[in-house]
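Participant: Quick one: this structure, given as structure tokens, is what I'll be asking you about.
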There are 2 protein chains.
Amino acid sequence: MLTAKGAATRRRIIDGAAAEIRDKGAATATLDDVRARTSTSKSQIFHYFPGGKEELLLAVAAREAERVLEDQQPHLDDLTTWQAWRDWRDAVIRRYEQQGVNCPLGVLITELGRSTPAAQALTTQLIEQWQAALRAGILRMQETGEADRRLDADRTAAALVAAVQGGVVILMSTGAIGHLEAALDTFLTLLRASGRARAR
Amino acid sequence: MLTAKGAATRRRIIDGAAAEIRDKGAATATLDDVRARTSTSKSQIFHYFPGGKEELLLAVAAREAERVLEDQQPHLDDLTTWQAWRDWRDAVIRRYEQQGVNCPLGVLITELGRSTPAAQALTTQLIEQWQAALRAGILRMQETGEADRRLDADRTAAALVAAVQGGVVILMSTGAIGHLEAALDTFLTLLRASGRARAR
């Protein structure tokens, strides 16, 4: 267990490394850069990250993954009305518009090696958390009869995560956000229509 | 213009390079490997690809992009009934099941540099062709009243391309195909339900 002060130092190193990597890229940023930026010593960095740069990169990736979900709050955890879903949709678009073609998490996952167990575990966890939040929202809309109750909420949430993910990848590959917008809008339109169809 | 024989040689070099890259990776494969594999001379390779390895990589990437769509045929160009859509869905799943976590096109795009104009143009063209084929299918289902006519066919097709793309990326990141299946199934279920809702 870290003391409160230790946890704060560790967090300062991670945030400094995240900023360094956003500026320079994961391959180019060095531990010396991170040390200078965060005013920490080499021994402090190795105290918190005995595995060196790789362990630090993984901690930064975990932090960037947290941010993906944080940037969708408070909407993601409150998908109780179609208006709330629209607000969430707008937050997602805004986040990725600001981010543009550079995805800090993607850069880190690539640097760690996408098929390494650590990178896979991180990606899997992010997707599961994202999907669980969307599933809760879909279940809620089903309970109130706003979405068709016969839909499998978990698979519907998985499809929505995939659609968002695909829109982001197309944005990163082409620079255009239209597919992400189309994916979110179409999905929500169809989901909402499924409820109306049942209500008749 | 190439002669028929010239075109055949060029194609043989591209196919050999594609196989070499599928085996070894785009960064590791050398022009000498390609030359040995295709029984061509250095001067032949430079005759057809004056820009050397980079130009050859781009030609291979264009070929792999063609294959993405070819592997969905004949279904992709014949989305005229829900059964045809299901056959297409199965072909997509089968293709990516076989491919698993290794995407030859993705490897090439990464090697060329995803944000280079050539790589972006290639990705954009692939997405446009894919989307156009799906749009034609959606329009057809709208004409026969099987899908809601109020949906924007092009945006709906864009959303479907994004959903498939996202499912593939999640497969490549986690090794699990469930998100791709969920994306396709949910999308087709909702699209079909939109037609039934209108028909009442």
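Chain labels run A, B, ... following the order of the structure tokens; each chain numbers its residues from 1, and ligands are numbered from 1 in the order shown.
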May I have the residues within 12 Å of segment 148-155 of chain B as JSON, numbers by chain, using only C-alpha atoms and disregarding those fewer than 6 positions away in the same chain?
Facilitator: {"A": [178, 179, 180, 181, 182, 183, 184, 185, 186, 187, 189, 190, 193, 194, 197], "B": [128, 129, 130, 131, 132, 133, 134, 135, 136, 137, 138, 139, 140, 141, 142, 161, 162, 190, 191, 192, 193, 194, 195, 196, 197, 198, 199, 200]}
Participant: What residues in chain B get the DSSP label helix (DSSP H, G or I)? Please answer as a PyMOL selection string.
Facilitator: chain B and resi 4-24+31-38+42-48+53-70+75-77+82-99+104-112+117-143+153-174+178-199
Participant: Got a sec: who's within 7 Å of segment 48-61 of chain A, counting only C-alpha atoms, leaving out chain neighbours fewer than 5 positions off, as a list of chain:residue names?
Facilitator: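 My list of contacting residues is A:Arg10, A:Ile14, A:Ala17, A:Ala18, A:Leu31, A:Leu105, A:Leu108.
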Participant: Select, from B:Ser39, B:Thr110, B:Gln73, B:Thr3, the residue with the minimum atom-to-atom distance to Gly16 of chain B, counting only C-alpha atoms.
Facilitator: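 Smallest separation from Gly16 of chain B among the options: B:Ser39.
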Participant: Considering only C-alpha atoms, return as a PyMOL selection string whatever protein or nucleic-acid residues lie within 6 Å of segment 88-104 of chain A, sequence-local ones (same chain, fewer than 6 positions apart) excluded.
Facilitator: chain A and resi 72+75+172+175
Participant: Nearest to chain B: which of A:Arg12, A:Val169, A:Arg22, A:Val107 is it, counting only C-alpha atoms?
Facilitator: A:Val169
Participant: Which of these residues is nearest to Gln120 of chain A, using only C-alpha atoms: B:Ala65, B:Ala26, B:Ala163, B:Ala176?
Facilitator: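 Selected residue with least distance to Gln120 of chain A: B:Ala176.
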